[in-house]
Each structure stands twice: as C-alpha cells, then as structure tokens.
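**Student:** Shown below is the structure under consideration.
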Amino acid sequence: MTFMSNIKIKDLKFSYDNKNYVFDNLNFTLRKDKTLSIIGPSACGKTTLLKLLNGELSYEGSIVINGVEVNEQNFWELRKCIAVVFKDTSFITDVVKNELRFSLENINIEPTIIKERINEINEYFGINKLLNKNLNMLSLNDQTLVKILSYAIIEPAYIALDDLLNNLNLRTKILLLNYLNSKNIILINVTTNMEDVLYTDYILCLYNGISAIDGKTLDVLDNEKLLKRLGLNLPFLVDLSIQLKLYGLINKVYLNKEALVRNLWK
Amino acid sequence: MEIVFNNLNYIENKNSSLEKKYLEDVNLIINSGDIVAFIGENLQIIGDLVMAIKRPSKGEIKLDSLVIKRTSHIDNVLELRKKIGFVSASNIDNYSSDTVKNLLKKTMKNYEYKPSNMAKHLADSLKIVGLDDSYLNKKVNTLSFTELKKVKLACVLCYNPEVLILENFTSCMIFRDKEYFRKLFLKLKNKLKKTIILISSDLPFLFDIVDKVYVINKGKLSFSGDKDIFYEDKLYKYIEMPEIIAFTKYVQQEGHMISEYTDIKELIKEIYRNVK
C-alpha cells in the first residue's frame, strides 16, 4: 500500500442535538503534504471540526486521514495520524520535562527514545532553563509552546491547533513552524488572526455547515468581498495591496512590505 | 468610581522556589469613566484584587472611600462586588449544563438585582452583547468559545456594575465581533459613564478606544501613557508590533513622509495622496 498523507472529508453530517446541523454535507480534501488554515465566522464549527478529526464525536459520512477512517475501532492508530491541541487542553503533570515525557509514555515509547526526543526539542528551542520549571510558573507564551510540544513530540502526521498561535510571540511562532516542518508534521491551524493564514498553503473557510470557499491561500484571499461579508478581515499587506491595486498604484499583491514600498514609490 | 493602587503588591509563595510576582509596588490612579488597558502577564489578579476575592500582600486599593488592605475588614463585600463586573478568561464554567437564562437569573440573584420586567431584562442583557433571545434556552456547554465570552459579558452587564474588568476579552474573536465590541465599549463609556479596564494584548483593538495604557513587566509598572504610546518604540520591547504600525514606521524610515494612522482606510488615502 502506498503511503498517502492526506485528509478526505466526504458528505460529513453532524449535529449536537439532531436539529441544527453544524455540518451539512461538508466535502473537502486536503492534498498530500499541504498545510491548512481553517477560518470562518464565530460558531461556524471550527472547533467542532477538530473534535471530529480527533475522533471525539460520532458523525455521518466519512473522514479518512492517511487512509485511516476516523472511528472508535481505529482510535489507537489515529493517535499517530493526528494530534489535536484545543484551547482548553490543560496540563497533566507538574513540570515541563514530565509533561513532555508523559505523552510519549502514554503511547508506549521506549525510555531511551523518550530521552532522545526531549533532548532534541531542548536543543531546537533552547528551553534548557524551562525543563525543570513548574508549569504554573511559565509565561503564557511558554505554556502554549509546551502544550503544543507535548503533542508534537509524538511526531504525528498532522498536528491541529485550535487558535493557539495567537498566544505565541513571533520568534517562538517561527521556530515552532520550522520545527514542525523539519519533522514533516503537517500543520492544520484554526485561526481568527488572519495574519497567520499566510503561513499555510491552503485555506478552508466554513460557513453554514459547508465550505464557503476553499483553495490555495492567495486564491482564497482574492475573494475579498466574500470574506468581508462573513465578518473576516484580510491579512494587513494583502488588504493594503488589494485596495492600492484598485486605485491603480500597483498591479499585484505583495506579501512583504519592502517590495510593496519599493513598487509604490518608484 | 475612581480606583487607586497605592504601592500595591501581590506575591504568591514568597521566599520559596515557587515565588511568583504578580504585582510589585504598583502606583496608579484609574479615573472614573475612562477606558484603560493593562498589558502584561498574569494580570487576572487585578480583577481578583479589586473584587476583594484576594487581598494584596502589601499596599492598598482605594475604591472611592473604601480601602482594601491585607488585613482590613470590609463590612459589606456584596455592596462592593455589585459595583464591579469581572469577566475572567478562565474556562472553569464552560462545562455547566445550565441554560443561559438560568445563568443570568442566578447572577442577578447573587447580586440582588431585581429588574421590574424580568423577561425583557433577560432579552436586553443578551441583545446588548449581540445575541438574540434564542440563546436564552441554550445550554452553556453547547456554546462556542466566542458565544460563551459574549454570554459571560451579558452575565456581568445584567446587574449593571459601574466598573468592568475584562481579561483577554477579544482574543480568538473575528474582525466583525471586535468591531462590535469596540463600538459597545465606547457606548458604555460615553452614554453610561462606565469605567472599563481591559487586560489585553490585542493592540489593534485598543488603538482608538483607550484613554490610558499601563505596561506591567515582571510585576512592575514599566511605563504608562495615552494613545500616543502605540507609536513609541519602547512599547514594542514587551509586545509584538501590529502590522499597520510596522508598515508606517518602515515607510517613514525609507524617507517618505506619511502621517500615522491606525485605520487601514485612512492609511490608504494617505498613501494615495503621498504617491500621486
């Protein structure tokens, strides 16, 4: 069997109360090795979709991650396919080191490998000072990083974050994204901070139980009117470029300010 | 209500390896009817201290004539708490299976608030935060993250406090919701003379609405200032610079004299005028 790293959602139907459907025939495919941002108005089902991917809820239709159907029987296998970190996920142990160790012990990894992986993370993020600190003593930035790392250390195929990049400062954010990249862990990022969508290849915008629009990041962002109607804004430089293009001052969308300024004041 | 912090300290587990400094020697005055912002870590403690849930380790808080100290006795804590609404970011009450209606009713009962028309008051409390009355019969644990925040704010507004303390209220909200609350807070300030304390690091949200900004670093008040603080470099030692400020600063650095704006539409007009 060829190893296919992708996510296929077909005719997904889900409701909490059998009356109001959160998802009504949602179809979406995330192609091999592509990162994804999930956006949409509030209460459109962003967190619910992550719960479904995590196998926490029963549903109609089909969700297949890397060839594994999301259901109760495949629960064990799914843990290697996807790790989901929610906003209200709390810590289990007391100090940072134990928290990282715990998630690996949980899936039966050998002590020598555990040590190796913790060392690796320690070196990559330079968190030597943090390792023996109490989790309550950390800043929000460090707490969020540890929370995400305690899932990333399992090295799943996908890691899904529920609006957690918001809590990280820019330096940590870039470091984390590079780390995930180096480990071939594919990011699925639910976000309300539209600046963050530029870090991923694809966007899925949910609305009213279906995908309002999905596709490559810049193609989706080109639908300025639709996104604004849904109450979302655009990343600052994209928004600025689109408006200045309308004024006829530039002719394309720029993603870095240096190039934009160079082309504006020629 | 004027709020004064006099040499305020709050330190947990002092002189142990778990010592944690929340506030250290903080002196400031929050004027009645202002919107102020606190930027920093672990600042939910401000809500707990002003509500007299926790007591200062040293120093005092003055609320009009009332003084909260480590040892002072407060005759009627309820009278104090009726005047203050604290929306914390903690998620302990997210899992309640109560309905929104019961939650609002319970809160009003706790704070001895008796509206003349209960049904209307319940609907109005939700309306003001942008939710319709279909939410009254929804269970709290079925609400989304943002909806829950709105309900929590409704629960505070329903007993009509003088001071609002909101912790990370706009985090994880989409643009439209933020715009809504920006207008609401200004309305609460201008029409109802509420004092609003925002504990937040969402600078674009704070831009146009704050009267004063306090930056707390490692428990100490590093500096404070009015709206102009957002253009000062020293602020960005502590917090990420918003894109619009970074862009304006870069353009100025390149030698093009454009004015500073916090609204993208105004900035675009300014660029147009400058380039043409």
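Following the order of the structure tokens, first chain is A, next is B, and so on, with residues numbered from 1 inside each chain and ligands from 1 in the order they appear.
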I need the contact residues of chain A against chain B, so if you could list those with any atom within 6 Å, counting only C-alpha atoms, and return them as a PyMOL selection string, that would help.

**Tutor:** chain A and resi 43+192+231-233

**Student:** Contacts of B:Leu235 at 12 Å or less, counting only C-alpha atoms, minus same-chain residues fewer than 5 places along, as a list in words?

**Tutor:**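 Once the nearby chain positions are removed, what remains is Ile39, Gly40, Ser201, Leu203, Val213, Tyr214, Val215, Ile216, Asn217, Ser222, Phe223, Ser224, Gly225, Asp226, Lys227, Asp228, Ile229, Phe230, Glu240, Met241, Pro242 and Ile245 of chain B.
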
**Student:** How would the residues just chosen look if you wrote them out with N, CA and C atoms as a short mmCIF file (atom, residue, chain, number, x, y, z; two decimals), in the first residue's frame?

**Tutor:**
```
data_model
loop_
_atom_site.label_atom_id
_atom_site.label_comp_id
_atom_site.auth_asym_id
_atom_site.auth_seq_id
_atom_site.Cartn_x
_atom_site.Cartn_y
_atom_site.Cartn_z
N ILE B 39 -1.25 45.92 29.88
CA ILE B 39 -0.54 44.98 29.03
C ILE B 39 0.49 44.27 29.88
N GLY B 40 0.48 42.95 29.88
CA GLY B 40 1.45 42.20 30.68
C GLY B 40 0.96 40.79 30.97
N SER B 201 -3.70 42.11 25.18
CA SER B 201 -2.52 42.43 24.38
C SER B 201 -2.90 42.57 22.92
N LEU B 203 -3.46 44.86 20.52
CA LEU B 203 -3.26 46.28 20.30
C LEU B 203 -4.21 46.89 19.27
N VAL B 213 -2.83 53.59 28.91
CA VAL B 213 -2.28 52.25 28.79
C VAL B 213 -1.21 52.06 29.86
N TYR B 214 -1.28 50.95 30.59
CA TYR B 214 -0.26 50.63 31.59
C TYR B 214 0.46 49.36 31.14
N VAL B 215 1.79 49.41 31.12
CA VAL B 215 2.56 48.23 30.76
C VAL B 215 3.20 47.66 32.01
N ILE B 216 2.83 46.43 32.34
CA ILE B 216 3.37 45.78 33.53
C ILE B 216 4.35 44.71 33.08
N ASN B 217 5.59 44.81 33.56
CA ASN B 217 6.60 43.81 33.20
C ASN B 217 7.17 43.20 34.46
N SER B 222 6.12 49.30 34.23
CA SER B 222 7.27 49.79 33.47
C SER B 222 7.05 51.22 33.02
N PHE B 223 5.93 51.45 32.38
CA PHE B 223 5.58 52.82 31.97
C PHE B 223 4.12 52.87 31.59
N SER B 224 3.63 54.09 31.44
CA SER B 224 2.23 54.25 31.06
C SER B 224 2.12 55.43 30.12
N GLY B 225 0.99 55.57 29.47
CA GLY B 225 0.83 56.69 28.57
C GLY B 225 -0.54 56.68 27.92
N ASP B 226 -0.84 57.70 27.12
CA ASP B 226 -2.13 57.72 26.43
C ASP B 226 -1.98 57.07 25.06
N LYS B 227 -2.91 57.36 24.15
CA LYS B 227 -2.95 56.70 22.84
C LYS B 227 -1.62 56.76 22.08
N ASP B 228 -0.87 57.85 22.27
CA ASP B 228 0.38 58.03 21.52
C ASP B 228 1.41 56.94 21.81
N ILE B 229 1.18 56.21 22.91
CA ILE B 229 2.12 55.17 23.31
C ILE B 229 2.31 54.13 22.21
N PHE B 230 1.28 53.97 21.37
CA PHE B 230 1.34 52.94 20.33
C PHE B 230 2.38 53.25 19.25
N GLU B 240 4.42 42.38 20.57
CA GLU B 240 4.60 42.37 19.12
C GLU B 240 4.02 43.64 18.49
N MET B 241 4.76 44.20 17.52
CA MET B 241 4.28 45.41 16.86
C MET B 241 3.19 45.04 15.84
N PRO B 242 2.04 45.74 15.89
CA PRO B 242 0.99 45.45 14.91
C PRO B 242 1.48 45.79 13.50
N ILE B 245 1.43 49.51 12.20
CA ILE B 245 2.45 50.39 12.78
C ILE B 245 3.80 50.07 12.14
#
```

**Student:** One decimal, Å: what's the distance from atom CA of A:Glu123 over to atom CA of A:Lys34, could you say?

**Tutor:**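 Atom-to-atom, atom CA of A:Glu123 and atom CA of A:Lys34 are spaced 26.8 Å apart.
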
**Student:** Residues near stretch 8-11 of chain B, anyone? I mean within 8 Å using only C-alpha atoms, not counting same-chain ones fewer than 6 positions away, as number ranges by chain.

**Tutor:** B: 19-27, 55-61

**Student:** Give the strand (DSSP E or B) residues of stretch 31-198 of chain A, as assigned by DSSP on the backbone, as a JSON list (two decimals) with N, CA and C atoms, in the first residue's frame.

**Tutor:**
```json
[["chain", "number", "residue", "atom", "x", "y", "z"],
["A", 36, "LEU", "N", -2.83, 23.64, 6.24],
["A", 36, "LEU", "CA", -4.17, 24.19, 6.09],
["A", 36, "LEU", "C", -4.52, 25.16, 7.21],
["A", 37, "SER", "N", -5.20, 26.26, 6.84],
["A", 37, "SER", "CA", -5.81, 27.13, 7.84],
["A", 37, "SER", "C", -7.32, 26.95, 7.77],
["A", 38, "ILE", "N", -7.96, 26.83, 8.93],
["A", 38, "ILE", "CA", -9.43, 26.77, 8.93],
["A", 38, "ILE", "C", -9.93, 28.08, 9.51],
["A", 39, "ILE", "N", -10.74, 28.80, 8.73],
["A", 39, "ILE", "CA", -11.27, 30.08, 9.20],
["A", 39, "ILE", "C", -12.79, 30.07, 9.08],
["A", 60, "GLU", "N", -22.08, 11.30, 10.62],
["A", 60, "GLU", "CA", -22.46, 10.60, 9.40],
["A", 60, "GLU", "C", -21.52, 11.04, 8.29],
["A", 61, "GLY", "N", -21.32, 10.17, 7.30],
["A", 61, "GLY", "CA", -20.40, 10.49, 6.22],
["A", 61, "GLY", "C", -19.06, 9.84, 6.48],
["A", 62, "SER", "N", -18.00, 10.36, 5.88],
["A", 62, "SER", "CA", -16.72, 9.73, 6.15],
["A", 62, "SER", "C", -15.59, 10.74, 6.27],
["A", 63, "ILE", "N", -14.70, 10.47, 7.22],
["A", 63, "ILE", "CA", -13.47, 11.25, 7.36],
["A", 63, "ILE", "C", -12.33, 10.24, 7.32],
["A", 64, "VAL", "N", -11.41, 10.39, 6.39],
["A", 64, "VAL", "CA", -10.28, 9.47, 6.30],
["A", 64, "VAL", "C", -8.99, 10.26, 6.37],
["A", 65, "ILE", "N", -8.12, 9.91, 7.35],
["A", 65, "ILE", "CA", -6.84, 10.58, 7.48],
["A", 65, "ILE", "C", -5.74, 9.57, 7.18],
["A", 68, "VAL", "N", -6.74, 6.07, 7.12],
["A", 68, "VAL", "CA", -7.39, 5.52, 8.31],
["A", 68, "VAL", "C", -8.74, 6.21, 8.52],
["A", 69, "GLU", "N", -9.80, 5.44, 8.53],
["A", 69, "GLU", "CA", -11.14, 6.01, 8.78],
["A", 69, "GLU", "C", -11.23, 6.45, 10.24],
["A", 82, "ILE", "N", -2.96, 11.92, 13.75],
["A", 82, "ILE", "CA", -3.29, 13.32, 14.04],
["A", 82, "ILE", "C", -3.28, 13.59, 15.55],
["A", 83, "ALA", "N", -2.76, 14.75, 15.91],
["A", 83, "ALA", "CA", -2.82, 15.20, 17.29],
["A", 83, "ALA", "C", -3.54, 16.54, 17.28],
["A", 84, "VAL", "N", -4.53, 16.69, 18.13],
["A", 84, "VAL", "CA", -5.29, 17.94, 18.16],
["A", 84, "VAL", "C", -5.09, 18.63, 19.50],
["A", 85, "VAL", "N", -4.70, 19.89, 19.48],
["A", 85, "VAL", "CA", -4.49, 20.65, 20.71],
["A", 85, "VAL", "C", -5.59, 21.71, 20.80],
["A", 95, "VAL", "N", 5.92, 19.49, 36.12],
["A", 95, "VAL", "CA", 6.99, 20.27, 35.48],
["A", 95, "VAL", "C", 7.08, 19.94, 33.99],
["A", 134, "ASN", "N", 8.19, 24.59, 37.10],
["A", 134, "ASN", "CA", 6.80, 24.26, 37.30],
["A", 134, "ASN", "C", 5.94, 24.89, 36.21],
["A", 158, "TYR", "N", -0.17, 14.70, 11.30],
["A", 158, "TYR", "CA", -0.78, 16.03, 11.33],
["A", 158, "TYR", "C", -0.85, 16.54, 12.76],
["A", 159, "ILE", "N", -0.68, 17.85, 12.92],
["A", 159, "ILE", "CA", -0.99, 18.45, 14.22],
["A", 159, "ILE", "C", -1.99, 19.57, 13.97],
["A", 160, "ALA", "N", -3.09, 19.55, 14.73],
["A", 160, "ALA", "CA", -4.12, 20.57, 14.55],
["A", 160, "ALA", "C", -4.16, 21.45, 15.78],
["A", 161, "LEU", "N", -4.09, 22.77, 15.58],
["A", 161, "LEU", "CA", -4.06, 23.71, 16.69],
["A", 161, "LEU", "C", -5.31, 24.58, 16.67],
["A", 162, "ASP", "N", -5.97, 24.69, 17.82],
["A", 162, "ASP", "CA", -7.20, 25.47, 17.90],
["A", 162, "ASP", "C", -6.89, 26.89, 18.37],
["A", 186, "ILE", "N", 2.53, 17.96, 9.58],
["A", 186, "ILE", "CA", 1.77, 18.92, 8.78],
["A", 186, "ILE", "C", 0.79, 19.69, 9.66],
["A", 187, "LEU", "N", 0.81, 21.00, 9.50],
["A", 187, "LEU", "CA", 0.02, 21.86, 10.38],
["A", 187, "LEU", "C", -1.39, 22.09, 9.85],
["A", 188, "ILE", "N", -2.36, 21.91, 10.75],
["A", 188, "ILE", "CA", -3.73, 22.37, 10.48],
["A", 188, "ILE", "C", -4.03, 23.41, 11.54],
["A", 189, "ASN", "N", -4.24, 24.64, 11.11],
["A", 189, "ASN", "CA", -4.34, 25.72, 12.09],
["A", 189, "ASN", "C", -5.70, 26.40, 12.01],
["A", 190, "VAL", "N", -6.49, 26.24, 13.08],
["A", 190, "VAL", "CA", -7.73, 27.02, 13.17],
["A", 190, "VAL", "C", -7.34, 28.40, 13.66]]
```
